[in-house]
$ cat data_13.pdb   # PDB, C-alpha atoms and all ligand atoms
MODEL        1
ATOM      1  CA  PRO D 293      56.154  68.001 108.233
ATOM      2  CA  VAL D 294      55.347  64.297 107.638
ATOM      3  CA  LEU D 295      52.051  62.410 108.020
ATOM      4  CA  THR D 296      52.078  58.695 108.769
ATOM      5  CA  ALA D 297      49.350  56.066 108.863
ATOM      6  CA  VAL D 298      49.395  52.272 109.005
ATOM      7  CA  ARG D 299      46.667  50.288 107.267
ATOM      8  CA  LYS D 300      46.624  46.727 105.960
ATOM      9  CA  GLY D 301      50.338  46.326 106.657
ATOM     10  CA  VAL D 302      51.293  49.480 104.742
ATOM     11  CA  LEU D 303      52.964  52.474 106.358
ATOM     12  CA  THR D 304      51.955  55.486 104.276
ATOM     13  CA  VAL D 305      54.402  58.367 104.672
ATOM     14  CA  THR D 306      53.237  61.687 103.250
ATOM     15  CA  LEU D 307      55.637  64.621 102.874
ATOM     16  CA  ASN D 308      53.544  67.443 104.238
ATOM     17  CA  ARG D 309      54.785  70.969 103.531
ATOM     18  CA  PRO D 310      52.496  71.556 100.552
ATOM     19  CA  GLU D 311      52.841  75.363 100.614
ATOM     20  CA  LYS D 312      56.600  74.898  99.960
ATOM     21  CA  LEU D 313      56.143  71.989  97.553
ATOM     22  CA  ASN D 314      57.356  69.601 100.275
ATOM     23  CA  ALA D 315      60.882  71.020 100.157
ATOM     24  CA  PHE D 316      63.214  69.245 102.576
ATOM     25  CA  THR D 317      64.060  70.973 105.847
ATOM     26  CA  GLU D 318      66.010  69.412 108.684
ATOM     27  CA  GLY D 319      62.701  68.904 110.516
ATOM     28  CA  LEU D 320      61.215  67.044 107.565
ATOM     29  CA  HIS D 321      64.326  64.864 107.360
ATOM     30  CA  LEU D 322      64.162  63.943 111.035
ATOM     31  CA  ALA D 323      60.464  63.089 110.816
ATOM     32  CA  LEU D 324      61.110  60.917 107.751
ATOM     33  CA  ARG D 325      63.967  59.193 109.524
ATOM     34  CA  SER D 326      61.676  58.232 112.436
ATOM     35  CA  ALA D 327      59.069  56.941 110.001
ATOM     36  CA  PHE D 328      61.597  54.681 108.266
ATOM     37  CA  GLU D 329      62.955  53.553 111.633
ATOM     38  CA  ALA D 330      59.445  52.486 112.581
ATOM     39  CA  ALA D 331      59.159  50.688 109.251
ATOM     40  CA  THR D 332      62.361  48.807 110.041
ATOM     41  CA  THR D 333      61.468  47.721 113.560
ATOM     42  CA  GLU D 334      57.696  47.175 113.495
ATOM     43  CA  ASP D 335      56.662  43.735 112.257
ATOM     44  CA  GLU D 336      53.107  44.838 111.462
ATOM     45  CA  ILE D 337      54.550  47.139 108.763
ATOM     46  CA  ARG D 338      55.312  45.005 105.707
ATOM     47  CA  ALA D 339      55.520  47.698 103.004
ATOM     48  CA  VAL D 340      55.939  51.466 102.800
ATOM     49  CA  LEU D 341      54.215  53.967 100.521
ATOM     50  CA  LEU D 342      55.923  57.356 100.130
ATOM     51  CA  THR D 343      54.048  60.292  98.589
ATOM     52  CA  GLY D 344      53.590  64.052  98.894
ATOM     53  CA  ALA D 345      50.704  66.287  99.984
ATOM     54  CA  GLY D 346      49.403  68.910  97.573
ATOM     55  CA  ARG D 347      50.504  69.525  93.983
ATOM     56  CA  ALA D 348      54.157  68.433  94.281
ATOM     57  CA  PHE D 349      56.056  65.375  95.427
ATOM     58  CA  SER D 350      59.065  67.429  96.574
ATOM     59  CA  ALA D 351      61.043  70.442  95.339
ATOM     60  CA  GLY D 352      64.236  69.086  96.960
ATOM     61  CA  GLN D 353      66.285  70.961  99.533
ATOM     62  CA  ASP D 354      64.486  73.965 101.014
ATOM     63  CA  LEU D 355      66.560  76.804  99.600
ATOM     64  CA  SER D 356      65.337  79.314 102.144
ATOM     65  CA  GLU D 357      67.621  77.463 104.590
ATOM     66  CA  ARG D 358      70.477  78.239 102.180
ATOM     67  CA  ASP D 359      70.295  82.017 101.838
ATOM     68  CA  MET D 360      73.828  83.339 101.273
ATOM     69  CA  ARG D 361      72.783  86.914 100.481
ATOM     70  CA  ASN D 362      73.743  89.650 102.929
ATOM     71  CA  GLY D 363      77.117  88.080 103.640
ATOM     72  CA  GLY D 364      75.795  84.671 104.743
ATOM     73  CA  HIS D 365      78.489  81.984 104.689
ATOM     74  CA  ALA D 366      78.332  79.118 102.226
ATOM     75  CA  PRO D 367      77.144  76.122 104.243
ATOM     76  CA  ASP D 368      78.974  72.773 104.212
ATOM     77  CA  LEU D 369      76.708  70.817 101.886
ATOM     78  CA  GLY D 370      78.846  67.698 102.365
ATOM     79  CA  HIS D 371      77.788  67.728 105.997
ATOM     80  CA  THR D 372      74.124  68.126 105.007
ATOM     81  CA  LEU D 373      74.402  65.123 102.703
ATOM     82  CA  GLU D 374      76.301  63.021 105.207
ATOM     83  CA  THR D 375      73.895  63.687 108.069
ATOM     84  CA  LEU D 376      70.498  64.027 106.341
ATOM     85  CA  TYR D 377      70.185  62.920 102.695
ATOM     86  CA  ASN D 378      72.586  59.978 102.584
ATOM     87  CA  PRO D 379      71.097  58.282 105.656
ATOM     88  CA  LEU D 380      67.631  58.595 104.093
ATOM     89  CA  VAL D 381      68.698  56.999 100.811
ATOM     90  CA  ARG D 382      70.406  54.216 102.750
ATOM     91  CA  GLN D 383      67.301  53.690 104.886
ATOM     92  CA  ILE D 384      65.156  53.269 101.755
ATOM     93  CA  ARG D 385      67.598  50.903 100.032
ATOM     94  CA  ASP D 386      68.423  48.885 103.154
ATOM     95  CA  LEU D 387      64.847  48.492 104.415
ATOM     96  CA  PRO D 388      64.052  44.778 104.054
ATOM     97  CA  LYS D 389      60.518  45.621 102.903
ATOM     98  CA  PRO D 390      59.187  47.022  99.621
ATOM     99  CA  VAL D 391      59.032  50.815  99.309
ATOM    100  CA  VAL D 392      56.507  52.120  96.774
ATOM    101  CA  CYS D 393      56.679  55.773  95.746
ATOM    102  CA  ALA D 394      53.690  57.684  94.356
ATOM    103  CA  VAL D 395      55.062  60.798  92.665
ATOM    104  CA  ASN D 396      52.044  63.087  92.742
ATOM    105  CA  GLY D 397      53.584  66.145  91.062
ATOM    106  CA  VAL D 398      56.938  67.755  90.432
ATOM    107  CA  ALA D 399      59.962  65.956  91.905
ATOM    108  CA  ALA D 400      63.006  68.251  91.737
ATOM    109  CA  GLY D 401      66.603  67.914  92.891
ATOM    110  CA  ALA D 402      66.960  65.604  95.851
ATOM    111  CA  GLY D 403      63.173  65.118  95.627
ATOM    112  CA  ALA D 404      63.602  63.406  92.246
ATOM    113  CA  ASN D 405      66.466  61.202  93.382
ATOM    114  CA  ILE D 406      64.807  60.135  96.608
ATOM    115  CA  ALA D 407      61.757  59.134  94.547
ATOM    116  CA  ILE D 408      63.793  56.938  92.204
ATOM    117  CA  ALA D 409      65.674  55.390  95.140
ATOM    118  CA  CYS D 410      62.383  53.706  96.080
ATOM    119  CA  ASP D 411      61.738  50.156  94.872
ATOM    120  CA  ILE D 412      58.656  50.686  92.709
ATOM    121  CA  VAL D 413      57.849  54.189  91.471
ATOM    122  CA  LEU D 414      54.504  55.269  90.027
ATOM    123  CA  ALA D 415      53.958  58.832  88.872
ATOM    124  CA  GLY D 416      50.865  60.822  88.008
ATOM    125  CA  GLN D 417      50.611  61.989  84.417
ATOM    126  CA  SER D 418      51.262  65.617  85.397
ATOM    127  CA  ALA D 419      54.403  64.790  87.408
ATOM    128  CA  ARG D 420      57.832  65.882  86.160
ATOM    129  CA  PHE D 421      61.301  64.863  87.283
ATOM    130  CA  ILE D 422      63.830  67.704  87.296
ATOM    131  CA  GLN D 423      67.553  67.225  87.923
ATOM    132  CA  VAL D 424      67.585  70.873  88.911
ATOM    133  CA  PHE D 425      71.016  70.815  90.597
ATOM    134  CA  SER D 426      72.847  72.215  87.567
ATOM    135  CA  LYS D 427      70.611  75.296  87.645
ATOM    136  CA  ILE D 428      72.168  76.335  90.967
ATOM    137  CA  GLY D 429      75.720  75.158  90.379
ATOM    138  CA  LEU D 430      75.520  71.871  92.267
ATOM    139  CA  VAL D 431      76.079  68.234  91.373
ATOM    140  CA  PRO D 432      73.267  65.672  91.509
ATOM    141  CA  ASP D 433      73.064  63.996  94.898
ATOM    142  CA  SER D 434      70.957  61.573  96.937
ATOM    143  CA  GLY D 435      72.279  58.721  94.820
ATOM    144  CA  GLY D 436      71.279  60.255  91.477
ATOM    145  CA  THR D 437      74.684  59.893  89.834
ATOM    146  CA  TRP D 438      74.649  56.171  90.656
ATOM    147  CA  LEU D 439      71.015  55.404  89.954
ATOM    148  CA  LEU D 440      70.351  57.452  86.836
ATOM    149  CA  PRO D 441      72.978  55.916  84.536
ATOM    150  CA  ARG D 442      71.887  52.453  85.684
ATOM    151  CA  LEU D 443      68.208  53.165  85.092
ATOM    152  CA  ILE D 444      68.341  55.163  81.851
ATOM    153  CA  GLY D 445      71.944  54.922  80.593
ATOM    154  CA  GLU D 446      74.802  57.377  80.605
ATOM    155  CA  ALA D 447      73.682  59.432  77.588
ATOM    156  CA  ARG D 448      70.281  60.287  79.021
ATOM    157  CA  ALA D 449      71.647  60.663  82.545
ATOM    158  CA  LYS D 450      74.232  63.209  81.431
ATOM    159  CA  ALA D 451      71.777  65.198  79.340
ATOM    160  CA  LEU D 452      69.139  65.297  82.075
ATOM    161  CA  THR D 453      71.576  66.311  84.798
ATOM    162  CA  MET D 454      73.531  68.847  82.735
ATOM    163  CA  THR D 455      70.516  70.587  81.201
ATOM    164  CA  GLY D 456      68.150  70.376  84.160
ATOM    165  CA  MET D 457      65.334  69.843  81.656
ATOM    166  CA  PRO D 458      62.079  68.567  83.180
ATOM    167  CA  LEU D 459      61.317  64.953  82.281
ATOM    168  CA  PRO D 460      57.575  64.251  81.999
ATOM    169  CA  ALA D 461      56.327  61.194  83.901
ATOM    170  CA  GLU D 462      55.304  59.429  80.704
ATOM    171  CA  THR D 463      58.807  59.709  79.241
ATOM    172  CA  ALA D 464      60.301  58.643  82.576
ATOM    173  CA  ALA D 465      58.219  55.465  82.303
ATOM    174  CA  ASP D 466      59.119  54.940  78.613
ATOM    175  CA  TRP D 467      62.794  55.240  79.535
ATOM    176  CA  GLY D 468      62.509  52.785  82.412
ATOM    177  CA  MET D 469      63.354  55.385  85.040
ATOM    178  CA  ILE D 470      60.127  54.550  86.877
ATOM    179  CA  TRP D 471      57.685  51.624  86.872
ATOM    180  CA  LYS D 472      54.720  53.447  85.367
ATOM    181  CA  CYS D 473      52.810  56.609  84.691
ATOM    182  CA  VAL D 474      49.109  56.622  85.621
ATOM    183  CA  PRO D 475      46.272  59.178  85.533
ATOM    184  CA  ASP D 476      46.654  61.748  88.322
ATOM    185  CA  ASP D 477      43.287  60.951  89.837
ATOM    186  CA  THR D 478      43.966  57.223  90.210
ATOM    187  CA  LEU D 479      47.631  57.502  91.311
ATOM    188  CA  LEU D 480      47.121  57.231  95.055
ATOM    189  CA  ALA D 481      44.546  54.420  94.794
ATOM    190  CA  GLU D 482      46.744  52.436  92.430
ATOM    191  CA  ALA D 483      49.886  52.927  94.517
ATOM    192  CA  THR D 484      47.994  52.000  97.690
ATOM    193  CA  ASP D 485      46.597  48.822  96.091
ATOM    194  CA  LEU D 486      50.080  47.866  94.976
ATOM    195  CA  ALA D 487      51.609  48.527  98.405
ATOM    196  CA  GLU D 488      48.824  46.568 100.123
ATOM    197  CA  SER D 489      49.233  43.635  97.800
ATOM    198  CA  LEU D 490      53.000  43.602  98.430
ATOM    199  CA  ALA D 491      52.359  43.863 102.198
ATOM    200  CA  SER D 492      50.157  40.773 102.097
ATOM    201  CA  GLY D 493      52.716  38.950  99.959
ATOM    202  CA  PRO D 494      55.726  36.804 100.895
ATOM    203  CA  THR D 495      57.616  39.784 102.282
ATOM    204  CA  TYR D 496      60.599  37.754 103.482
ATOM    205  CA  GLY D 497      61.227  36.579  99.916
ATOM    206  CA  LEU D 498      60.531  40.085  98.603
ATOM    207  CA  SER D 499      63.190  41.522 100.907
ATOM    208  CA  LEU D 500      65.744  38.990  99.624
ATOM    209  CA  THR D 501      64.735  39.837  96.051
ATOM    210  CA  LYS D 502      65.227  43.559  96.706
ATOM    211  CA  GLY D 503      68.721  42.917  98.044
ATOM    212  CA  LEU D 504      69.696  40.654  95.151
ATOM    213  CA  ILE D 505      68.591  43.106  92.469
ATOM    214  CA  GLN D 506      70.317  46.014  94.196
ATOM    215  CA  ASP D 507      73.558  44.108  94.759
ATOM    216  CA  ALA D 508      73.647  42.926  91.144
ATOM    217  CA  ALA D 509      74.638  46.430  90.031
ATOM    218  CA  ASP D 510      78.182  45.859  91.208
ATOM    219  CA  GLN D 511      78.555  42.086  91.032
ATOM    220  CA  THR D 512      79.779  39.655  88.418
ATOM    221  CA  LEU D 513      77.349  37.048  87.048
ATOM    222  CA  ASP D 514      79.386  34.427  88.875
ATOM    223  CA  ALA D 515      79.021  36.166  92.225
ATOM    224  CA  GLN D 516      75.354  36.762  91.574
ATOM    225  CA  LEU D 517      74.719  33.078  90.788
ATOM    226  CA  ASP D 518      76.307  32.238  94.136
ATOM    227  CA  ALA D 519      74.185  34.847  95.920
ATOM    228  CA  GLU D 520      71.001  33.493  94.298
ATOM    229  CA  ARG D 521      71.948  29.987  95.449
ATOM    230  CA  ASP D 522      72.461  31.175  99.025
ATOM    231  CA  LEU D 523      69.325  33.300  99.258
ATOM    232  CA  GLN D 524      67.154  30.712  97.480
ATOM    233  CA  ARG D 525      68.330  28.230 100.103
ATOM    234  CA  ARG D 526      67.045  30.639 102.768
ATOM    235  CA  ALA D 527      63.798  31.418 100.920
ATOM    236  CA  GLY D 528      63.224  27.674 100.543
ATOM    237  CA  GLN D 529      63.203  27.322 104.331
ATOM    238  CA  SER D 530      60.525  29.994 104.794
ATOM    239  CA  ARG D 531      56.945  29.339 105.864
ATOM    240  CA  ASP D 532      55.811  31.443 102.930
ATOM    241  CA  TYR D 533      57.422  29.068 100.421
ATOM    242  CA  LYS D 534      55.674  26.112 102.031
ATOM    243  CA  GLU D 535      52.401  28.046 102.065
ATOM    244  CA  GLY D 536      52.820  29.209  98.454
ATOM    245  CA  VAL D 537      53.365  25.680  97.164
ATOM    246  CA  SER D 538      50.572  24.229  99.340
ATOM    247  CA  ALA D 539      48.110  26.908  98.203
ATOM    248  CA  PHE D 540      48.998  26.230  94.559
ATOM    249  CA  LEU D 541      48.454  22.494  94.932
ATOM    250  CA  GLU D 542      45.197  23.050  96.843
ATOM    251  CA  LYS D 543      43.995  25.626  94.268
ATOM    252  CA  ARG D 544      43.369  28.314  96.915
ATOM    253  CA  PRO D 545      44.820  31.795  97.542
ATOM    254  CA  PRO D 546      47.949  31.718  99.729
ATOM    255  CA  GLU D 547      48.076  33.329 103.153
ATOM    256  CA  PHE D 548      51.574  34.704 103.499
ATOM    257  CA  THR D 549      52.957  35.846 106.834
ATOM    258  CA  GLY D 550      56.313  37.262 105.770
ATOM    259  CA  THR D 551      58.160  34.517 107.655
TER     260      THR D 551
HETATM  261  C1  LIG A 601      60.580  76.368  97.540
HETATM  262  C2  LIG A 601      61.386  75.420  96.894
HETATM  263  C3  LIG A 601      62.614  75.069  97.488
HETATM  264  C4  LIG A 601      62.130  76.553  99.203
HETATM  265  C5  LIG A 601      59.628  75.717  95.702
HETATM  266  N1  LIG A 601      62.937  75.660  98.637
HETATM  267  N2  LIG A 601      60.950  76.936  98.669
HETATM  268  C6  LIG A 601      71.153  68.785  98.938
HETATM  269  C7  LIG A 601      72.044  69.052  99.977
HETATM  270  C8  LIG A 601      72.256  70.319 100.433
HETATM  271  C9  LIG A 601      71.943  71.433  99.893
HETATM  272  C10 LIG A 601      71.534  71.678  98.609
HETATM  273  O1  LIG A 601      70.741  70.829  97.920
HETATM  274  C11 LIG A 601      70.632  69.528  98.004
HETATM  275  C12 LIG A 601      69.857  68.906  97.000
HETATM  276  C13 LIG A 601      68.823  69.680  96.284
HETATM  277  O2  LIG A 601      67.702  69.290  96.319
HETATM  278  S1  LIG A 601      69.302  71.039  95.392
HETATM  279  C14 LIG A 601      67.842  71.516  94.547
HETATM  280  C15 LIG A 601      66.956  72.397  95.353
HETATM  281  N3  LIG A 601      65.716  72.618  94.654
HETATM  282  C16 LIG A 601      65.551  73.499  93.671
HETATM  283  O3  LIG A 601      66.443  74.184  93.239
HETATM  284  C17 LIG A 601      64.141  73.635  93.133
HETATM  285  C18 LIG A 601      63.601  75.040  93.326
HETATM  286  N4  LIG A 601      62.221  75.094  92.895
HETATM  287  C19 LIG A 601      61.841  75.182  91.605
HETATM  288  O4  LIG A 601      62.650  75.195  90.698
HETATM  289  C20 LIG A 601      60.366  75.288  91.347
HETATM  290  O5  LIG A 601      59.730  75.668  92.520
HETATM  291  C21 LIG A 601      59.731  73.972  90.839
HETATM  292  C22 LIG A 601      60.221  73.689  89.411
HETATM  293  C23 LIG A 601      60.071  72.793  91.747
HETATM  294  C24 LIG A 601      58.192  74.123  90.818
HETATM  295  O6  LIG A 601      57.864  75.314  90.134
HETATM  296  P1  LIG A 601      56.391  75.923  90.252
HETATM  297  O7  LIG A 601      55.401  74.833  90.045
HETATM  298  O8  LIG A 601      56.347  77.099  89.338
HETATM  299  O9  LIG A 601      56.218  76.394  91.789
HETATM  300  P2  LIG A 601      56.818  77.701  92.495
HETATM  301  O10 LIG A 601      58.224  77.919  92.047
HETATM  302  O11 LIG A 601      55.874  78.820  92.354
HETATM  303  O12 LIG A 601      56.880  77.236  94.047
HETATM  304  C25 LIG A 601      55.740  77.332  94.926
HETATM  305  C26 LIG A 601      56.223  77.756  96.295
HETATM  306  O13 LIG A 601      57.168  76.788  96.805
HETATM  307  C27 LIG A 601      56.995  79.077  96.232
HETATM  308  O14 LIG A 601      56.786  79.710  97.474
HETATM  309  P3  LIG A 601      55.903  81.061  97.547
HETATM  310  O15 LIG A 601      55.940  81.430  98.982
HETATM  311  O16 LIG A 601      56.539  82.061  96.635
HETATM  312  O17 LIG A 601      54.541  80.632  97.072
HETATM  313  C28 LIG A 601      58.422  78.629  96.160
HETATM  314  O18 LIG A 601      59.338  79.577  96.626
HETATM  315  C29 LIG A 601      58.406  77.426  97.072
HETATM  316  N5  LIG A 601      59.504  76.509  96.771
HETATM  317  N6  LIG A 601      60.765  75.042  95.759
HETATM  318  N7  LIG A 601      63.419  74.142  96.942
ENDMDL
END

$ encode --input "data_13.pdb" --output "structure tokens"
Amino acid sequence: PVLTAVRKGVLTVTLNRPEKLNAFTEGLHLALRSAFEAATTEDEIRAVLLTGAGRAFSAGQDLSERDMRNGGHAPDLGHTLETLYNPLVRQIRDLPKPVVCAVNGVAAGAGANIAIACDIVLAGQSARFIQVFSKIGLVPDSGGTWLLPRLIGEARAKALTMTGMPLPAETAADWGMIWKCVPDDTLLAEATDLAESLASGPTYGLSLTKGLIQDAADQTLDAQLDAERDLQRRAGQSRDYKEGVSAFLEKRPPEFTGT
């Protein structure tokens, strides 16, 4: 259910159930989990690109696994979140490497919130983000209730989640919910270029930056100033900092190693 390939330091992870709009099954979750585990442990991987095969990014949870007709019992969705969705969101946020997401079509439900959990999100012009949960009586999950108000503010977050109205990629970019909206036919090339350029960048410093920005959401300015002091001290000891300054002074492109 997931395709993976490593090239130029980028692990590309493609959700691959196109006939079901890349809806999440347990099998897809477990394959994704292995891919992110590899991204965590393998030094040659310095950035991740997440995208979907076919015309959708992901339609969220596969609802055919949730059929309660004919007397089927209501499943424990808390368990599903605890064991499958929450670990995935944590893997994306905790990975000390940049995660780029190329949203190639509709991103609905958990599909939308997993997309926006990534560090830099590009979407094709035809993509739409749908907080579809309210259509089936659920609450937004996969971090959506935390991320959305921070990205777009409470007013827009409440309206999107309570109406389930599709948000076009261009508006998502205007609102600051994603990094940018690009033509469909250049999306993958642009996202790949970005991921490759991050992968050849000072990835140790980028990982510290990712952590600082994420932690800021629930820190005071005072605490954040202290954290910047501590992490800048560490970044200042890196080979990449030395290389970056040397390359600048020697008027040549830097060769970063991520150390
Ligand atoms: C699907 C799905 C799908 C199965 C399209 N499942 N087959 C977390 C924890 C635990 C449990 C509950 O949920 C969660 C979080 C969630 O993600 S809840 C939200 C679940 N997702 C949805 O409710 C979205 C359902 N899908 C849709 O509303 C539409 O398919 C969208 C708006 C995504 C796309 O619409 P269209 O472009 O018109 O495509 P389509 O509806 O024709 O779908 C194409 C095929 O994909 C179709 O199969 P078929 O065999 O008839 O061709 C759909 O049945 C299938 N599909 N989403 N979630």

$ closest_residue --input "data_13.pdb" --among "D:Met360, D:Cys410, D:Ala415, D:Ile428" --to "ligand LIG 601 (chain A)" --atoms "only C-alpha atoms and all ligand atoms"
D:Ile428

$ closest_atom_pairs --input "data_13.pdb" --of "chain D" --to "ligand LIG 601 (chain A)" --cutoff "6 Å" --atoms "only C-alpha atoms and all ligand atoms" --output "CSV"
residue,atom,partner,partner_atom,distance
D:Glu311,CA,A:LIG601,O13,5.9
D:Lys312,CA,A:LIG601,O13,3.7
D:Leu313,CA,A:LIG601,O13,5.0
D:Ala315,CA,A:LIG601,C3,5.1
D:Ala351,CA,A:LIG601,C23,4.4
D:Gly352,CA,A:LIG601,O2,3.5
D:Gln353,CA,A:LIG601,O2,3.9
D:Asp354,CA,A:LIG601,N1,3.3
D:Leu355,CA,A:LIG601,N1,3.9
D:Ser356,CA,A:LIG601,C4,5.2
D:Leu369,CA,A:LIG601,C8,4.7
D:Thr372,CA,A:LIG601,C8,5.4
D:Leu373,CA,A:LIG601,C7,5.3
D:Ala400,CA,A:LIG601,C23,5.4
D:Gly401,CA,A:LIG601,O2,3.9
D:Ala402,CA,A:LIG601,O2,3.8
D:Val424,CA,A:LIG601,O3,5.6
D:Phe425,CA,A:LIG601,S1,5.1

$ closest_residue --input "data_13.pdb" --among "D:Arg448, D:Gln417, D:Glu374, D:Gly468" --to "D:Asp433" --atoms "only C-alpha atoms"
D:Glu374

$ closest_residue --input "data_13.pdb" --among "D:Ile408, D:Leu320, D:Ala330, D:Val413" --to "D:Leu376" --atoms "only C-alpha atoms"
D:Leu320

$ resolve_selection --input "data_13.pdb" --expression "the PyMOL selection byres (((chain D and resi 444) around 12) and not hetatm)" --output "PyMOL selection string"
chain D and resi 408+436-443+445-453+463-470

$ atom_distance --input "data_13.pdb" --atom1 "atom CA of D:Ser434" --atom2 "atom CA of D:Asn405"
5.7 Å

$ closest_atom_pairs --input "data_13.pdb" --of "stretch 406-511 of chain D" --to "stretch 522-535 of chain D" --cutoff "12 Å" --atoms "only C-alpha atoms" --output "JSON lines"
{"residue": "D:Ser492", "atom": "CA", "partner": "D:Asp532", "partner_atom": "CA", "distance": 10.9}
{"residue": "D:Gly493", "atom": "CA", "partner": "D:Asp532", "partner_atom": "CA", "distance": 8.6}
{"residue": "D:Pro494", "atom": "CA", "partner": "D:Asp532", "partner_atom": "CA", "distance": 5.7}
{"residue": "D:Thr495", "atom": "CA", "partner": "D:Asp532", "partner_atom": "CA", "distance": 8.6}
{"residue": "D:Tyr496", "atom": "CA", "partner": "D:Ala527", "partner_atom": "CA", "distance": 7.5}
{"residue": "D:Gly497", "atom": "CA", "partner": "D:Ala527", "partner_atom": "CA", "distance": 5.9}
{"residue": "D:Leu498", "atom": "CA", "partner": "D:Ala527", "partner_atom": "CA", "distance": 9.5}
{"residue": "D:Ser499", "atom": "CA", "partner": "D:Ala527", "partner_atom": "CA", "distance": 10.1}
{"residue": "D:Leu500", "atom": "CA", "partner": "D:Leu523", "partner_atom": "CA", "distance": 6.7}
{"residue": "D:Thr501", "atom": "CA", "partner": "D:Leu523", "partner_atom": "CA", "distance": 8.6}
{"residue": "D:Lys502", "atom": "CA", "partner": "D:Leu523", "partner_atom": "CA", "distance": 11.3}
{"residue": "D:Gly503", "atom": "CA", "partner": "D:Leu523", "partner_atom": "CA", "distance": 9.7}
{"residue": "D:Leu504", "atom": "CA", "partner": "D:Leu523", "partner_atom": "CA", "distance": 8.4}
{"residue": "D:Ile505", "atom": "CA", "partner": "D:Leu523", "partner_atom": "CA", "distance": 11.9}

$ closest_residue --input "data_13.pdb" --among "D:Ala327, D:Glu336, D:Asn314, D:Pro367" --to "D:Gly397" --atoms "all atoms listed in the file"
D:Asn314

$ residues_near_point --input "data_13.pdb" --point "(54.4, 62.9, 81.0)" --cutoff "8 Å" --atoms "all atoms listed in the file" --output "list of chain:residue names"
D:Gln417, D:Ser418, D:Ala419, D:Arg420, D:Leu459, D:Pro460, D:Ala461, D:Glu462, D:Thr463, D:Ala464, D:Cys473

$ resolve_selection --input "data_13.pdb" --expression "the PyMOL selection byres (((chain D and resi 379) around 12) and not hetatm)" --output "PyMOL selection string"
chain D and resi 321-322+324-326+328-329+371-378+380-387+406+434-435

$ residues_around --input "data_13.pdb" --residues "D:Arg309" --least-positions-apart "4" --cutoff "10 Å" --atoms "only C-alpha atoms" --output "MDAnalysis selection string"
chainID D and resid 293:294 313:317 320 344:346 348:350

$ atom_distance --input "data_13.pdb" --atom1 "atom CA of D:Gly456" --atom2 "atom CA of D:Pro432"
10.1 Å

$ decode --input "data_13.pdb" --residues "stretch 458-495 of chain D" --atoms "C-alpha atoms" --output "PDB file, in the first residue's frame"
ATOM      1  CA  PRO D 458     -13.870  21.673   0.997  1.00  0.00           C
ATOM      2  CA  LEU D 459     -11.043  24.212   1.129  1.00  0.00           C
ATOM      3  CA  PRO D 460      -9.355  24.733  -2.255  1.00  0.00           C
ATOM      4  CA  ALA D 461      -5.548  24.548  -2.240  1.00  0.00           C
ATOM      5  CA  GLU D 462      -5.213  28.180  -3.277  1.00  0.00           C
ATOM      6  CA  THR D 463      -7.270  29.383  -0.309  1.00  0.00           C
ATOM      7  CA  ALA D 464      -5.361  27.024   1.989  1.00  0.00           C
ATOM      8  CA  ALA D 465      -2.173  28.780   0.866  1.00  0.00           C
ATOM      9  CA  ASP D 466      -3.723  32.271   1.208  1.00  0.00           C
ATOM     10  CA  TRP D 467      -4.764  31.388   4.755  1.00  0.00           C
ATOM     11  CA  GLY D 468      -1.328  30.076   5.683  1.00  0.00           C
ATOM     12  CA  MET D 469      -2.555  26.528   6.218  1.00  0.00           C
ATOM     13  CA  ILE D 470       0.041  25.276   3.733  1.00  0.00           C
ATOM     14  CA  TRP D 471       3.262  26.668   2.246  1.00  0.00           C
ATOM     15  CA  LYS D 472       2.050  27.033  -1.328  1.00  0.00           C
ATOM     16  CA  CYS D 473      -0.239  26.039  -4.135  1.00  0.00           C
ATOM     17  CA  VAL D 474       1.400  25.154  -7.467  1.00  0.00           C
ATOM     18  CA  PRO D 475       0.187  23.927 -10.874  1.00  0.00           C
ATOM     19  CA  ASP D 476      -0.789  20.245 -10.739  1.00  0.00           C
ATOM     20  CA  ASP D 477       1.676  19.252 -13.425  1.00  0.00           C
ATOM     21  CA  THR D 478       4.700  20.764 -11.674  1.00  0.00           C
ATOM     22  CA  LEU D 479       3.761  19.735  -8.099  1.00  0.00           C
ATOM     23  CA  LEU D 480       5.863  16.595  -7.842  1.00  0.00           C
ATOM     24  CA  ALA D 481       8.917  18.150  -9.531  1.00  0.00           C
ATOM     25  CA  GLU D 482       8.749  21.223  -7.321  1.00  0.00           C
ATOM     26  CA  ALA D 483       8.258  19.221  -4.123  1.00  0.00           C
ATOM     27  CA  THR D 484      11.098  16.874  -5.088  1.00  0.00           C
ATOM     28  CA  ASP D 485      13.454  19.798  -5.800  1.00  0.00           C
ATOM     29  CA  LEU D 486      12.582  21.302  -2.443  1.00  0.00           C
ATOM     30  CA  ALA D 487      13.097  18.017  -0.578  1.00  0.00           C
ATOM     31  CA  GLU D 488      16.421  17.427  -2.353  1.00  0.00           C
ATOM     32  CA  SER D 489      17.646  20.896  -1.558  1.00  0.00           C
ATOM     33  CA  LEU D 490      16.716  20.432   2.117  1.00  0.00           C
ATOM     34  CA  ALA D 491      18.433  17.007   2.107  1.00  0.00           C
ATOM     35  CA  SER D 492      21.667  18.568   0.876  1.00  0.00           C
ATOM     36  CA  GLY D 493      21.350  21.371   3.422  1.00  0.00           C
ATOM     37  CA  PRO D 494      22.555  21.661   7.029  1.00  0.00           C
ATOM     38  CA  THR D 495      20.102  19.027   8.224  1.00  0.00           C
TER      39      THR D 495
END
